[in-house]
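Written out below as structure tokens is the structure these notes cover.
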Amino acid sequence: FTETTPVRFEGNGYSDEWKVEAAKRKLPNIVDTPAVIEVLKDPKRSGFLKELGVYSELELQSRSNVAIERYIKQVTLEAETQLEMVHTMVVPAGEKQFQRTVAVFESLVASRNAMASAALKNLGVKPQASLDARAAAVGGALGAVLESADELGNLLKEADGIHDEPKRARFLADKVRPAMATVRAAADRLEGLVEDELWPLPKYREMLFVR
């Protein structure tokens, strides 16, 4: 019990609190898979595996190579799948919503110009301004999705040109995965503005509260 005190933590190991505590205890904070794989190459960290006869040097090297290759393929596949979903599902839904909103806005403007109806003039909620703002919100969210998707696509092309696997894995972790998170955030924002009947994917509430 005493010997394990330096590495034992009773709180949330995924929290910022643990990061602070780990730094106080001079423990490494290894935050992603490529960094973990690099640790296996450090004789000071993995030497005991050879000393105990668990793995030979060749087996350790082989496992590291397989792990880094698997990480590259997995992240690349996830990013490519995300882009396909964005371009074939998310963006078309956003475009349809934008067209609908603009059509309603233009119809209202035309009605106001063509009619002197008191009902139209005296609407206190000012629907014209509200619809204008909604169209701008949908358009802005759609633009953010497209912009972030383009950035992700460019990063994937750049990653394809990196032939050193550890460097490529590092690039995927440092550049591509954050770009994927940006695309996700933009798509989530658009999801909150698109009508249910137009959105082709399960919404969060539908996954949380199954009928």
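Each chain of the structure tokens is named A, B, ... in the order shown, its residues numbered from 1; ligands are numbered from 1 in display order.
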#### Entry: Exercise: A:Ala93 partners within 8 Å, only C-alpha atoms, chain neighbours under 2 positions left out, as a VMD selection string
chain A and resid 89 to 91 95 to 97 194 198 to 200
#### Entry: Pick from A:Arg100, A:Lys41, A:Lys26, A:His163, whichever lies nearest to A:Gly139 using only C-alpha atoms
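Of A:Arg100, A:Lys41, A:Lys26, A:His163, the one nearest A:Gly139, counting only C-alpha atoms, is A:Arg100.
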#### Entry: Near-A:Glu80 list (10 Å; only C-alpha atoms; drop same-chain fewer than 3 positions) as a list of chain:residue names
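What passes the distance filter is A:Gln74, A:Val75, A:Thr76, A:Leu77, A:Leu83, A:Glu84, A:Met85, A:Val86, A:Leu152, A:Gly153, A:Leu156, A:Met180.
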### Query
Closest to A:Pro6 among A:Ile68, A:Val20, A:Leu27, A:Val183, using only C-alpha atoms?
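Counting only C-alpha atoms, the residue closest to A:Pro6 is A:Leu27.
Using only C-alpha atoms, the nearest neighbour of A:Glu151 within the list A:Ala181, A:Leu60, A:Leu193, A:Leu52 is A:Ala181.
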### Task
Quick one: pick out all helix (DSSP H, G or I) residues within chain A from a backbone DSSP run and write them as a ChimeraX atom specification.
/A:5-7,16-24,33-40,43-51,57-114,118-121,127-160,165-191,204-208
Can you tell me which residues surround A:Asp174 at a distance of at most 12 Å, considering only C-alpha atoms, apart from same-chain residues fewer than 6 positions away, and format the answer as a JSON list (two decimals) with C-alpha atoms, in the first residue's frame?
```json
[["chain", "number", "residue", "atom", "x", "y", "z"],
["A", 31, "VAL", "CA", -2.13, 12.27, -23.49],
["A", 32, "ASP", "CA", -2.44, 10.33, -26.75],
["A", 33, "THR", "CA", -1.67, 7.03, -28.46],
["A", 34, "PRO", "CA", 1.43, 8.09, -30.45],
["A", 35, "ALA", "CA", 3.03, 9.30, -27.22],
["A", 75, "VAL", "CA", -7.60, 7.93, -37.45],
["A", 155, "LEU", "CA", -4.75, 18.15, -43.56],
["A", 159, "ALA", "CA", -0.71, 13.61, -43.89],
["A", 167, "LYS", "CA", 5.86, 11.60, -37.67],
["A", 168, "ARG", "CA", 2.62, 10.89, -39.52],
["A", 180, "MET", "CA", -12.07, 16.57, -36.65],
["A", 181, "ALA", "CA", -13.30, 18.05, -33.37]]
```
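Atom pair atom CA of A:Glu165 / atom CA of A:Asn65: separated by 8.6 Å.
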### Query
Which residues come within 9 Å of A:Arg189, counting only C-alpha atoms, excluding same-chain residues fewer than 4 positions away, as a PyMOL selection string?
chain A and resi 141-142+145+184-185+193
Same residues, N, CA, C and O atoms, output as a CSV table (one decimal), in the first residue's frame:
```
chain,number,residue,atom,x,y,z
A,141,ALA,N,-23.7,28.7,-39.9
A,141,ALA,CA,-23.4,27.4,-39.4
A,141,ALA,C,-23.0,26.5,-40.6
A,141,ALA,O,-22.1,25.7,-40.5
A,142,LEU,N,-23.7,26.6,-41.7
A,142,LEU,CA,-23.4,25.8,-42.9
A,142,LEU,C,-22.0,26.2,-43.4
A,142,LEU,O,-21.2,25.3,-43.8
A,145,VAL,N,-19.3,24.6,-41.3
A,145,VAL,CA,-19.2,23.2,-41.6
A,145,VAL,C,-18.3,23.0,-42.8
A,145,VAL,O,-17.4,22.2,-42.8
A,184,ARG,N,-16.8,18.5,-36.0
A,184,ARG,CA,-17.9,18.0,-35.2
A,184,ARG,C,-18.7,19.1,-34.5
A,184,ARG,O,-19.9,19.1,-34.5
A,185,ALA,N,-18.0,20.1,-33.9
A,185,ALA,CA,-18.6,21.2,-33.3
A,185,ALA,C,-19.4,22.0,-34.3
A,185,ALA,O,-20.6,22.5,-33.9
A,193,LEU,N,-30.1,23.8,-35.7
A,193,LEU,CA,-30.9,24.8,-36.5
A,193,LEU,C,-31.7,24.1,-37.6
A,193,LEU,O,-32.5,24.8,-38.3
```
### Message
Need to verify the contact set: A:Asp196, 12 Å, only C-alpha atoms, exclusion of same-chain residues closer than 4 positions in sequence. Can you return it as an MDAnalysis selection string?
### Response
chainID A and resid 93:94 96:97 190:192 200:206
